[in-house]
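work_36.cif follows (mmCIF, C-alpha atoms):
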```cif
data_structure
#
loop_
_atom_site.label_atom_id
_atom_site.label_comp_id
_atom_site.auth_asym_id
_atom_site.auth_seq_id
_atom_site.Cartn_x
_atom_site.Cartn_y
_atom_site.Cartn_z
CA MET A 7 7.45 51.92 1.89
CA GLN A 8 5.35 53.17 4.75
CA LEU A 9 6.87 53.38 8.22
CA LYS A 10 4.15 51.04 9.48
CA THR A 11 5.16 48.35 6.95
CA VAL A 12 8.85 48.66 7.86
CA LEU A 13 8.06 48.34 11.57
CA SER A 14 5.83 45.37 10.88
CA ASN A 15 8.62 43.61 8.92
CA VAL A 16 11.20 44.31 11.64
CA LEU A 17 8.80 43.02 14.30
CA SER A 18 8.20 39.85 12.25
CA VAL A 19 11.93 39.19 11.92
CA VAL A 20 12.52 39.77 15.66
CA ILE A 21 9.66 37.45 16.57
CA ALA A 22 10.86 34.82 14.10
CA LEU A 23 14.40 35.00 15.56
CA GLY A 24 12.90 34.60 19.03
CA ILE A 25 10.85 31.57 18.00
CA PHE A 26 13.81 29.85 16.29
CA SER A 27 16.10 30.67 19.22
CA VAL A 28 13.70 28.98 21.64
CA LEU A 29 13.47 25.96 19.31
CA GLY A 30 17.29 25.93 18.96
CA GLU A 31 17.72 26.06 22.74
CA VAL A 32 15.34 23.13 23.24
CA ALA A 33 16.99 21.12 20.44
CA LEU A 34 20.49 21.73 21.86
CA ARG A 35 19.40 20.76 25.37
CA VAL A 36 18.04 17.48 24.05
CA TYR A 37 21.10 16.89 21.81
CA THR A 38 23.66 17.63 24.55
CA ARG A 39 22.08 15.01 26.78
CA TYR A 40 23.69 12.50 24.39
CA ALA A 41 26.57 14.39 22.76
CA ILE A 42 29.45 16.17 24.55
CA PHE A 43 30.72 19.60 23.54
CA TYR A 44 33.74 20.96 25.39
CA ASP A 45 32.54 24.57 25.65
CA ILE A 46 29.07 23.59 26.81
CA GLU A 47 30.59 21.26 29.42
CA MET A 48 32.95 24.04 30.61
CA THR A 49 30.00 26.38 30.93
CA ARG A 50 28.08 23.76 32.90
CA TYR A 51 31.16 23.49 35.14
CA ALA A 52 30.96 27.26 35.73
CA ASN A 53 27.22 27.09 36.48
CA GLU A 54 27.05 23.91 38.53
CA ILE A 55 30.37 23.74 40.38
CA LYS A 56 31.96 27.20 40.56
CA ILE A 57 30.93 30.03 42.87
CA PRO A 58 32.44 33.50 43.20
CA SER A 59 35.16 33.93 45.84
CA THR A 60 35.11 36.85 48.22
CA ASN A 61 38.82 37.25 47.46
CA PRO A 62 39.30 39.05 44.11
CA ARG A 63 42.77 37.49 43.79
CA ILE A 64 41.08 34.09 43.73
CA GLY A 65 38.01 34.99 41.65
CA HIS A 66 36.11 31.74 41.89
CA VAL A 67 36.20 28.55 43.95
CA HIS A 68 34.36 25.24 43.91
CA ARG A 69 31.04 25.04 45.70
CA PRO A 70 31.64 22.64 48.63
CA LEU A 71 29.90 19.26 48.28
CA SER A 72 28.70 20.02 44.74
CA SER A 73 28.70 17.34 42.08
CA SER A 74 28.01 16.91 38.40
CA THR A 75 28.87 14.78 35.40
CA LEU A 76 31.18 16.74 33.09
CA MET A 77 32.71 15.47 29.85
CA GLY A 78 31.00 12.21 30.70
CA VAL A 79 32.84 11.65 33.99
CA PRO A 80 31.55 12.19 37.52
CA VAL A 81 32.93 15.20 39.39
CA GLN A 82 32.54 15.30 43.17
CA ILE A 83 33.71 18.26 45.24
CA ASN A 84 34.57 17.70 48.91
CA ALA A 85 33.54 19.77 51.94
CA ASP A 86 36.53 22.11 51.47
CA GLY A 87 35.88 22.75 47.78
CA LEU A 88 38.47 20.32 46.38
CA ARG A 89 37.97 17.61 43.78
CA ASP A 90 39.25 15.05 46.23
CA ARG A 91 38.18 13.01 49.22
CA ASP A 92 37.89 14.78 52.58
CA TYR A 93 41.03 15.23 54.67
CA THR A 94 41.29 16.16 58.32
CA VAL A 95 43.18 19.36 58.92
CA ALA A 96 45.05 17.63 61.75
CA ARG A 97 48.04 15.70 60.47
CA ASN A 98 48.56 11.96 60.84
CA ASP A 99 51.83 10.10 60.19
CA SER A 100 51.51 10.37 56.42
CA HIS A 101 53.70 12.52 54.24
CA ARG A 102 51.36 15.30 53.10
CA MET A 103 51.50 17.11 49.79
CA VAL A 104 49.39 19.83 48.23
CA PHE A 105 49.02 19.94 44.44
CA LEU A 106 48.22 23.38 43.03
CA GLY A 107 47.11 23.85 39.45
CA ASP A 108 44.37 24.56 36.95
CA SER A 109 41.98 22.34 34.99
CA LEU A 110 44.79 19.93 34.11
CA THR A 111 45.47 19.25 37.79
CA PHE A 112 41.72 19.20 38.46
CA ALA A 113 41.79 16.34 35.91
CA TRP A 114 39.21 17.85 33.57
CA GLY A 115 37.59 15.14 31.47
CA VAL A 116 39.24 12.32 33.44
CA ALA A 117 37.84 10.17 36.25
CA SER A 118 39.32 11.14 39.61
CA SER A 119 40.88 7.69 40.02
CA ASP A 120 42.75 8.12 36.67
CA SER A 121 44.21 11.55 37.49
CA PHE A 122 47.96 11.92 37.91
CA GLU A 123 47.22 13.10 41.44
CA SER A 124 45.47 9.82 42.36
CA LEU A 125 48.03 7.69 40.52
CA LEU A 126 50.91 9.44 42.28
CA GLU A 127 49.18 9.15 45.66
CA ASP A 128 48.79 5.40 45.12
CA GLU A 129 52.35 4.93 43.89
CA LEU A 130 54.01 7.06 46.54
CA SER A 131 51.93 5.46 49.30
CA GLY A 132 53.58 2.16 48.36
CA MET A 133 56.90 3.63 49.50
CA LEU A 134 55.77 5.99 52.21
CA PRO A 135 52.23 6.68 53.51
CA THR A 136 51.28 9.75 51.49
CA GLU A 137 48.32 12.10 51.30
CA ILE A 138 47.98 14.36 48.28
CA LEU A 139 45.40 17.14 48.41
CA ASN A 140 44.26 18.23 44.97
CA PHE A 141 43.70 21.99 44.84
CA GLY A 142 43.42 21.99 41.03
CA THR A 143 40.66 24.38 39.85
CA GLY A 144 39.58 25.04 36.29
CA ASN A 145 40.46 28.42 34.70
CA TYR A 146 42.96 29.31 37.44
CA ASN A 147 46.22 31.10 36.78
CA THR A 148 49.27 30.99 39.07
CA GLU A 149 48.19 34.03 41.08
CA GLN A 150 44.83 32.39 41.85
CA GLU A 151 46.48 29.06 42.71
CA VAL A 152 48.88 30.71 45.14
CA ASN A 153 46.12 32.73 46.80
CA LEU A 154 43.92 29.66 47.14
CA PHE A 155 46.83 27.96 48.87
CA LEU A 156 47.28 30.91 51.23
CA GLU A 157 43.55 30.92 52.03
CA LYS A 158 42.86 27.19 52.26
CA GLY A 159 46.02 25.17 51.83
CA LEU A 160 48.32 26.40 54.57
CA LYS A 161 46.03 25.09 57.33
CA TYR A 162 46.75 21.53 56.15
CA ALA A 163 50.45 22.09 57.02
CA PRO A 164 51.83 20.12 54.05
CA ASP A 165 55.41 18.86 53.86
CA GLU A 166 55.51 19.67 50.18
CA VAL A 167 53.74 21.84 47.63
CA VAL A 168 53.87 20.93 43.95
CA LEU A 169 52.60 23.54 41.52
CA TRP A 170 51.60 22.01 38.19
CA TYR A 171 52.12 24.81 35.68
CA PHE A 172 50.43 25.05 32.30
CA LEU A 173 51.26 27.53 29.55
CA ASN A 174 48.09 29.61 30.01
CA ASP A 175 48.72 30.10 33.74
CA ALA A 176 50.36 33.42 32.83
CA GLU A 177 46.96 34.88 31.89
CA PRO A 178 45.80 37.89 33.89
CA THR A 179 43.33 37.03 36.67
CA PRO A 180 39.89 36.99 35.02
CA GLN A 181 37.23 39.41 36.15
CA PRO A 182 33.55 38.41 36.52
CA SER A 183 31.96 38.77 33.12
CA PRO A 184 28.88 40.98 32.62
CA TRP A 185 27.78 38.31 30.12
CA ALA A 186 27.81 35.51 32.71
CA PHE A 187 24.02 35.12 32.42
CA LEU A 188 24.47 33.94 28.81
CA GLY A 189 26.14 30.84 30.21
CA HIS A 190 22.70 29.58 31.18
CA SER A 191 21.76 29.35 27.52
CA ARG A 192 23.08 26.38 25.54
CA LEU A 193 22.37 28.29 22.33
CA ALA A 194 24.39 31.36 23.37
CA THR A 195 27.25 29.09 24.45
CA PHE A 196 27.02 27.22 21.16
CA PHE A 197 27.22 30.40 19.04
CA TRP A 198 30.01 31.90 21.18
CA SER A 199 32.01 28.70 21.02
CA ARG A 200 31.59 28.11 17.29
CA ILE A 201 32.24 31.72 16.31
CA LYS A 202 35.47 31.90 18.35
CA THR A 203 36.61 28.62 16.77
CA VAL A 204 35.98 29.94 13.26
CA LEU A 205 37.75 33.21 14.14
CA SER A 206 40.76 31.27 15.48
CA ARG A 207 41.06 29.62 12.06
CA VAL A 208 40.82 32.76 9.96
CA ASP A 209 42.71 35.15 12.26
CA ALA A 210 46.14 33.90 13.41
CA SER A 211 46.17 36.29 16.38
CA ARG A 212 43.22 34.33 17.83
CA SER A 213 44.87 30.93 17.43
CA TYR A 214 46.32 29.10 20.41
CA GLN A 215 49.86 29.59 19.02
CA ASP A 216 49.79 33.39 18.99
CA TYR A 217 47.64 33.62 22.12
CA TYR A 218 50.00 31.58 24.30
CA ALA A 219 53.13 33.23 22.86
CA GLU A 220 51.67 36.70 23.57
CA LEU A 221 51.31 35.81 27.26
CA TYR A 222 55.12 35.75 27.60
CA ARG A 223 56.02 39.06 26.02
CA ASP A 224 58.34 41.11 28.22
CA ASP A 225 55.61 43.69 28.89
CA ALA A 226 52.81 41.16 29.54
CA GLN A 227 51.02 42.00 32.81
CA GLY A 228 49.93 38.41 33.43
CA TRP A 229 53.47 37.02 33.23
CA ALA A 230 54.73 39.75 35.57
CA ARG A 231 52.04 38.81 38.13
CA THR A 232 52.80 35.12 37.65
CA LYS A 233 56.45 35.69 38.54
CA GLN A 234 55.37 37.71 41.57
CA ALA A 235 53.03 34.89 42.65
CA PHE A 236 55.85 32.34 42.37
CA ILE A 237 58.06 34.54 44.56
CA GLU A 238 55.24 34.91 47.12
CA LEU A 239 54.70 31.13 47.18
CA GLN A 240 58.43 30.48 47.54
CA ASP A 241 58.64 32.90 50.49
CA VAL A 242 55.62 31.35 52.24
CA CYS A 243 56.98 27.85 51.74
CA GLU A 244 60.37 28.83 53.14
CA GLU A 245 58.77 30.50 56.17
CA ASN A 246 56.73 27.36 56.87
CA ASN A 247 59.47 24.85 56.08
CA ILE A 248 57.53 23.43 53.12
CA ALA A 249 59.37 21.99 50.12
CA LEU A 250 58.30 23.62 46.83
CA LYS A 251 58.48 22.00 43.41
CA VAL A 252 57.08 22.99 40.04
CA VAL A 253 56.22 20.72 37.12
CA LEU A 254 55.69 22.28 33.69
CA LEU A 255 52.86 20.34 32.04
CA PRO A 256 52.99 19.91 28.26
CA GLU A 257 50.79 21.82 25.81
CA LEU A 258 49.40 18.94 23.78
CA HIS A 259 49.27 20.43 20.26
CA GLU A 260 52.05 19.61 17.79
CA LEU A 261 54.19 17.78 20.31
CA GLN A 262 56.84 16.79 17.78
CA ALA A 263 57.19 20.33 16.40
CA GLN A 264 57.42 21.79 19.96
CA PRO A 265 56.21 25.31 19.00
CA PHE A 266 56.40 26.60 22.58
CA GLN A 267 60.01 25.75 23.41
CA ARG A 268 60.86 29.41 23.96
CA GLU A 269 57.96 29.98 26.36
CA TYR A 270 58.69 26.82 28.37
CA ALA A 271 62.38 27.78 28.56
CA GLN A 272 61.38 31.24 29.79
CA VAL A 273 59.34 29.79 32.69
CA ASN A 274 61.94 27.11 33.41
CA ASP A 275 64.79 29.65 33.50
CA PHE A 276 62.89 31.99 35.78
CA LEU A 277 62.16 29.20 38.29
CA GLN A 278 65.70 27.84 38.19
CA GLY A 279 67.01 31.36 38.65
CA ARG A 280 64.93 31.60 41.83
CA GLY A 281 66.35 28.27 43.06
CA ILE A 282 62.97 26.49 42.73
CA ASP A 283 63.07 22.79 41.79
CA VAL A 284 61.44 22.49 38.39
CA LEU A 285 60.74 19.64 35.98
CA ASN A 286 59.85 20.58 32.39
CA LEU A 287 57.78 17.81 30.79
CA TYR A 288 57.34 19.55 27.42
CA PRO A 289 60.48 18.13 25.71
CA THR A 290 59.74 14.71 27.23
CA PHE A 291 56.59 14.49 25.09
CA ALA A 292 58.38 15.39 21.82
CA SER A 293 58.49 11.76 20.71
CA GLU A 294 54.68 11.55 20.66
CA GLN A 295 53.68 11.10 17.03
CA ASN A 296 49.95 11.55 17.48
CA SER A 297 49.30 14.48 19.82
CA GLN A 298 45.54 14.05 19.62
CA SER A 299 45.75 10.54 21.05
CA LEU A 300 46.47 12.26 24.36
CA TRP A 301 43.47 14.63 24.22
CA VAL A 302 40.25 14.27 26.16
CA ALA A 303 38.28 14.87 22.92
CA LEU A 304 38.80 16.28 19.44
CA ASP A 305 37.55 19.69 20.59
CA ASP A 306 39.36 19.50 23.94
CA ALA A 307 43.16 19.31 24.20
CA HIS A 308 43.22 18.59 27.93
CA PRO A 309 45.26 15.48 28.80
CA ASN A 310 43.21 12.27 28.82
CA ALA A 311 43.69 9.26 31.11
CA VAL A 312 46.60 7.98 29.00
CA ALA A 313 48.37 11.33 29.28
CA HIS A 314 47.67 11.51 33.04
CA LYS A 315 49.24 8.07 33.46
CA ARG A 316 52.31 9.16 31.53
CA ILE A 317 52.58 12.38 33.54
CA ALA A 318 52.42 10.36 36.77
CA GLU A 319 55.14 7.97 35.54
CA LEU A 320 57.41 10.80 34.44
CA THR A 321 57.13 12.79 37.64
CA SER A 322 57.04 10.28 40.51
CA SER A 323 60.81 10.25 41.12
CA PHE A 324 60.99 14.08 40.92
CA ILE A 325 58.10 14.42 43.37
CA MET A 326 59.68 11.99 45.83
CA GLU A 327 63.19 13.47 45.57
CA ASN A 328 64.57 14.52 48.97
CA THR A 329 61.45 13.16 50.69
CA GLN A 330 62.17 11.44 53.98
CA MET Q 2 -7.76 43.92 19.36
CA SER Q 3 -5.26 42.75 21.99
CA LEU Q 4 -1.48 43.01 21.43
CA TRP Q 5 -1.21 39.25 21.02
CA GLU Q 6 -3.97 39.17 18.41
CA ARG Q 7 -2.34 42.02 16.52
CA THR Q 8 1.05 40.28 16.64
CA LYS Q 9 -0.52 37.03 15.45
CA ALA Q 10 -2.15 38.82 12.57
CA VAL Q 11 1.19 40.37 11.55
CA LEU Q 12 2.89 36.94 11.68
CA VAL Q 13 0.19 35.29 9.60
CA ARG Q 14 0.56 38.00 6.98
CA ARG Q 15 4.35 37.60 7.00
CA LYS Q 16 4.42 33.80 6.83
CA LYS Q 17 6.98 33.78 4.00
CA LEU Q 18 9.27 36.13 5.91
CA LEU Q 19 9.10 33.85 8.96
CA ILE Q 20 10.03 30.81 6.89
CA ALA Q 21 12.90 32.71 5.25
CA VAL Q 22 14.30 33.74 8.63
CA GLY Q 23 14.04 30.13 9.83
CA ILE Q 24 15.88 28.79 6.81
CA ILE Q 25 18.65 31.41 7.14
CA TYR Q 26 18.97 30.56 10.84
CA ILE Q 27 19.33 26.83 10.20
CA VAL Q 28 21.75 27.31 7.29
CA LEU Q 29 23.88 29.61 9.47
CA MET Q 30 24.04 27.00 12.23
CA VAL Q 31 24.98 24.24 9.79
CA LEU Q 32 27.73 26.42 8.27
CA LEU Q 33 29.06 27.30 11.72
CA VAL Q 34 29.25 23.63 12.69
CA ALA Q 35 30.90 22.74 9.37
CA TYR Q 36 33.57 25.44 9.62
CA SER Q 37 34.30 24.90 13.31
CA SER Q 38 34.50 21.11 13.45
CA GLY Q 39 37.84 19.35 13.71
CA PRO Q 40 40.67 19.54 16.23
CA GLN Q 41 40.70 22.36 18.79
CA THR Q 42 42.55 25.38 17.41
CA GLU Q 43 41.65 28.04 19.95
CA PRO Q 44 43.30 28.41 23.38
CA PHE Q 45 41.60 27.26 26.55
CA GLN Q 46 39.58 30.24 27.63
CA TYR Q 47 37.80 31.56 30.64
CA GLN Q 48 34.17 30.51 30.54
CA PHE Q 49 31.66 33.25 31.39
CA ARG Q 50 32.34 33.30 35.12
#
```
Please lay out the structure from this file as structure tokens.
Amino acid sequence: MQLKTVLSNVLSVVIALGIFSVLGEVALRVYTRYAIFYDIEMTRYANEIKIPSTNPRIGHVHRPLSSSTLMGVPVQINADGLRDRDYTVARNDSHRMVFLGDSLTFAWGVASSDSFESLLEDELSGMLPTEILNFGTGNYNTEQEVNLFLEKGLKYAPDEVVLWYFLNDAEPTPQPSPWAFLGHSRLATFFWSRIKTVLSRVDASRSYQDYYAELYRDDAQGWARTKQAFIELQDVCEENNIALKVVLLPELHELQAQPFQREYAQVNDFLQGRGIDVLNLYPTFASEQNSQSLWVALDDAHPNAVAHKRIAELTSSFIMENTQ
Amino acid sequence: MSLWERTKAVLVRRKKLLIAVGIIYIVLMVLLVAYSSGPQTEPFQYQFR
């Protein structure tokens, strides 16, 4: 075959791929106006709500006053970059709490009014006027949560900080990806998402079980930095006379089998060893027969409104303990 | 002949190849959806940014 023919065939294939990619992109954009895919919604969250932080230990923050509809629910960010109403920095007579956490605390996939933060604020306010500031930010680990608190949270002079810990909070702090531009393409997101899902089913090391367990190996960098961040937060809270509590939020796969008992015990033991008040919700959810009934969607194991309500019910007395 | 006209001529000559690529593309997408549907099995992961 002549070189010219080979080049002509290659060019035809490249052009055909280009044409079908453009058609695929258009089709997906139309389809996702009506159907919800977790990974595409998370990528929209990154594009529409998140901005880079100047602090590398924080990585990203919410764009103040941004808004979007994600997973079918409205998301409104306040002037200080929180998914919450605006609060004055100056204190009033209310008891003031700061909630630190990741996408679970942010209430991903759940209306703000159904989040455990809102439910607890309402319930606690019935006993004592209470303000709860929700610092929950998607994709954060503990190090990022603590540094966000140091940068933005301390000025609110809270009486209490509650850190809502999830199993993947021991991940290393993510670095900006050189592939970030691909997030603007629905098609690229679609392929990335579907390929990683298929890989997680054929390669056990890519499944959530192995991935989460690996985060807690003795030599894991992320876990070491997480422990350091907890110590830093405890010191800052003590210096500023702020009560510190930690709630371990449940991983919502296989709740009856409890595959992550060892990892939860590891975090629980570390915190108790440091004298930090901790409530582990993982065993409390072991009686749940249908784990998926607590998920936001079949492809998204974040807690839904039912799970948020249960979390609020199970934690209110712990949160209010020793509160005057 | 302009570049566009030359490209168009190549594509017209390779019509069958274009259709074959399109069919492979669509079949690949359908297979990906089929094998990746169902409950979430991968961990929550950092999204692009």
Would you tabulate, counting all atoms listed in the file, all residues of chain A that have an atom at most 8 Å from an atom of chain Q, showing the closest pair of atoms and their distance in Å to one decimal, sorted by chain then ascending number, as a Markdown table?
```
| residue | atom | partner | partner_atom | distance |
| --- | --- | --- | --- | --- |
| A:Ser14 | CA | Q:Val11 | CA | 6.9 |
| A:Asn15 | CA | Q:Arg15 | CA | 7.6 |
| A:Ser18 | CA | Q:Leu12 | CA | 6.1 |
| A:Val19 | CA | Q:Leu19 | CA | 6.7 |
| A:Ala22 | CA | Q:Leu19 | CA | 5.5 |
| A:Leu23 | CA | Q:Val22 | CA | 7.0 |
| A:Phe26 | CA | Q:Gly23 | CA | 6.5 |
| A:Asp45 | CA | Q:Gln48 | CA | 7.9 |
| A:Met48 | CA | Q:Gln48 | CA | 6.6 |
| A:Thr49 | CA | Q:Gln48 | CA | 5.9 |
| A:Ala52 | CA | Q:Arg50 | CA | 6.2 |
| A:His66 | CA | Q:Arg50 | CA | 7.9 |
| A:Asn145 | CA | Q:Tyr47 | CA | 5.8 |
| A:Asn174 | CA | Q:Phe45 | CA | 7.7 |
| A:Pro180 | CA | Q:Tyr47 | CA | 7.3 |
| A:Gln181 | CA | Q:Arg50 | CA | 7.9 |
| A:Pro182 | CA | Q:Arg50 | CA | 5.4 |
| A:Ser183 | CA | Q:Phe49 | CA | 5.8 |
| A:Trp185 | CA | Q:Phe49 | CA | 6.5 |
| A:Ala186 | CA | Q:Phe49 | CA | 4.7 |
| A:Phe187 | CA | Q:Phe49 | CA | 7.9 |
| A:Leu188 | CA | Q:Phe49 | CA | 7.7 |
| A:Gly189 | CA | Q:Phe49 | CA | 6.1 |
| A:Arg200 | CA | Q:Ser37 | CA | 5.8 |
| A:Ile201 | CA | Q:Leu33 | CA | 7.1 |
| A:Lys202 | CA | Q:Glu43 | CA | 7.5 |
| A:Thr203 | CA | Q:Ser37 | CA | 5.6 |
| A:Val204 | CA | Q:Ser37 | CA | 5.3 |
| A:Ser206 | CA | Q:Glu43 | CA | 5.6 |
| A:Arg207 | CA | Q:Thr42 | CA | 7.0 |
| A:Arg212 | CA | Q:Glu43 | CA | 6.8 |
| A:Ser213 | CA | Q:Glu43 | CA | 5.0 |
| A:Tyr214 | CA | Q:Pro44 | CA | 4.3 |
| A:Gln215 | CA | Q:Pro44 | CA | 8.0 |
| A:Tyr217 | CA | Q:Pro44 | CA | 6.9 |
| A:Tyr218 | CA | Q:Pro44 | CA | 7.5 |
| A:Leu304 | CA | Q:Pro40 | CA | 4.9 |
| A:Asp305 | CA | Q:Gln41 | CA | 4.5 |
| A:Asp306 | CA | Q:Gln41 | CA | 6.0 |
| A:Ala307 | CA | Q:Gln41 | CA | 6.7 |
```
Let me know the residues the PyMOL selection byres ((chain A and resi 103) around 9) catches in the file above, as a PyMOL selection string. chain A and resi 101-102+104-105+136-140+163-168
Prev. selection, C-alpha atoms, output as a tab-separated table (two decimals), keeping the file's coordinate frame:
```
chain	number	residue	atom	x	y	z
A	101	HIS	CA	53.70	12.52	54.24
A	102	ARG	CA	51.36	15.30	53.10
A	104	VAL	CA	49.39	19.83	48.23
A	105	PHE	CA	49.02	19.94	44.44
A	136	THR	CA	51.28	9.75	51.49
A	137	GLU	CA	48.32	12.10	51.30
A	138	ILE	CA	47.98	14.36	48.28
A	139	LEU	CA	45.40	17.14	48.41
A	140	ASN	CA	44.26	18.23	44.97
A	163	ALA	CA	50.45	22.09	57.02
A	164	PRO	CA	51.83	20.12	54.05
A	165	ASP	CA	55.41	18.86	53.86
A	166	GLU	CA	55.51	19.67	50.18
A	167	VAL	CA	53.74	21.84	47.63
A	168	VAL	CA	53.87	20.93	43.95
```
All residues 9 Å or closer to region 283-298 of chain A, all atoms listed in the file, same chain fewer than 4 positions away omitted, as a ChimeraX atom specification: /A:250-264,266-267,270-271,274,277-278,302-304,307,317,320-321,324 /Q:40
Interatomic distance (Å, one decimal) between CA of Leu193 (chain A) and CA of Ile21 (chain A):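 Taking CA of Leu193 (chain A) as the start and CA of Ile21 (chain A) as the end point, the length is 16.7 Å.
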So which one's closest to Glu123 (chain A), A:Ala226, A:Leu154, A:Val28, A:Leu169? Using only C-alpha atoms, please.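 Comparing A:Ala226, A:Leu154, A:Val28, A:Leu169 against Glu123 (chain A), the winner is A:Leu169.
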Exactly which residues make up the result of the PyMOL selection byres ((chain A and resi 240) around 12) on this file, given as a compact mmCIF listing (two decimals) with C-alpha atoms, in the frame of the given file?
```
# COMPACT_ATOMS: atom_id res chain seq x y z
CA VAL A 152 48.88 30.71 45.14
CA PHE A 155 46.83 27.96 48.87
CA LEU A 156 47.28 30.91 51.23
CA GLU A 166 55.51 19.67 50.18
CA VAL A 167 53.74 21.84 47.63
CA VAL A 168 53.87 20.93 43.95
CA LEU A 169 52.60 23.54 41.52
CA LYS A 233 56.45 35.69 38.54
CA GLN A 234 55.37 37.71 41.57
CA ALA A 235 53.03 34.89 42.65
CA PHE A 236 55.85 32.34 42.37
CA ILE A 237 58.06 34.54 44.56
CA GLU A 238 55.24 34.91 47.12
CA LEU A 239 54.70 31.13 47.18
CA ASP A 241 58.64 32.90 50.49
CA VAL A 242 55.62 31.35 52.24
CA CYS A 243 56.98 27.85 51.74
CA GLU A 244 60.37 28.83 53.14
CA GLU A 245 58.77 30.50 56.17
CA ASN A 246 56.73 27.36 56.87
CA ASN A 247 59.47 24.85 56.08
CA ILE A 248 57.53 23.43 53.12
CA ALA A 249 59.37 21.99 50.12
CA LEU A 250 58.30 23.62 46.83
CA LYS A 251 58.48 22.00 43.41
CA VAL A 252 57.08 22.99 40.04
CA LEU A 277 62.16 29.20 38.29
CA ARG A 280 64.93 31.60 41.83
CA GLY A 281 66.35 28.27 43.06
CA ILE A 282 62.97 26.49 42.73
CA ASP A 283 63.07 22.79 41.79
```
On this structure, the PyMOL selection byres ((chain A and resi 144) around 7) would catch which residues? List them as an MDAnalysis selection string, sorted by chain and number. chainID A and resid 108:109 112 142:143 145:146
Once you add 8 Å to each side, what are the centre and edge lengths of the axis-aligned box holding all listed atoms of region 15-32 of chain Q? One decimal in Å, as lines of an AutoDock Vina configuration file, if you can.
```
center_x = 16.0
center_y = 30.9
center_z = 8.1
size_x = 39.4
size_y = 29.4
size_z = 24.2
```
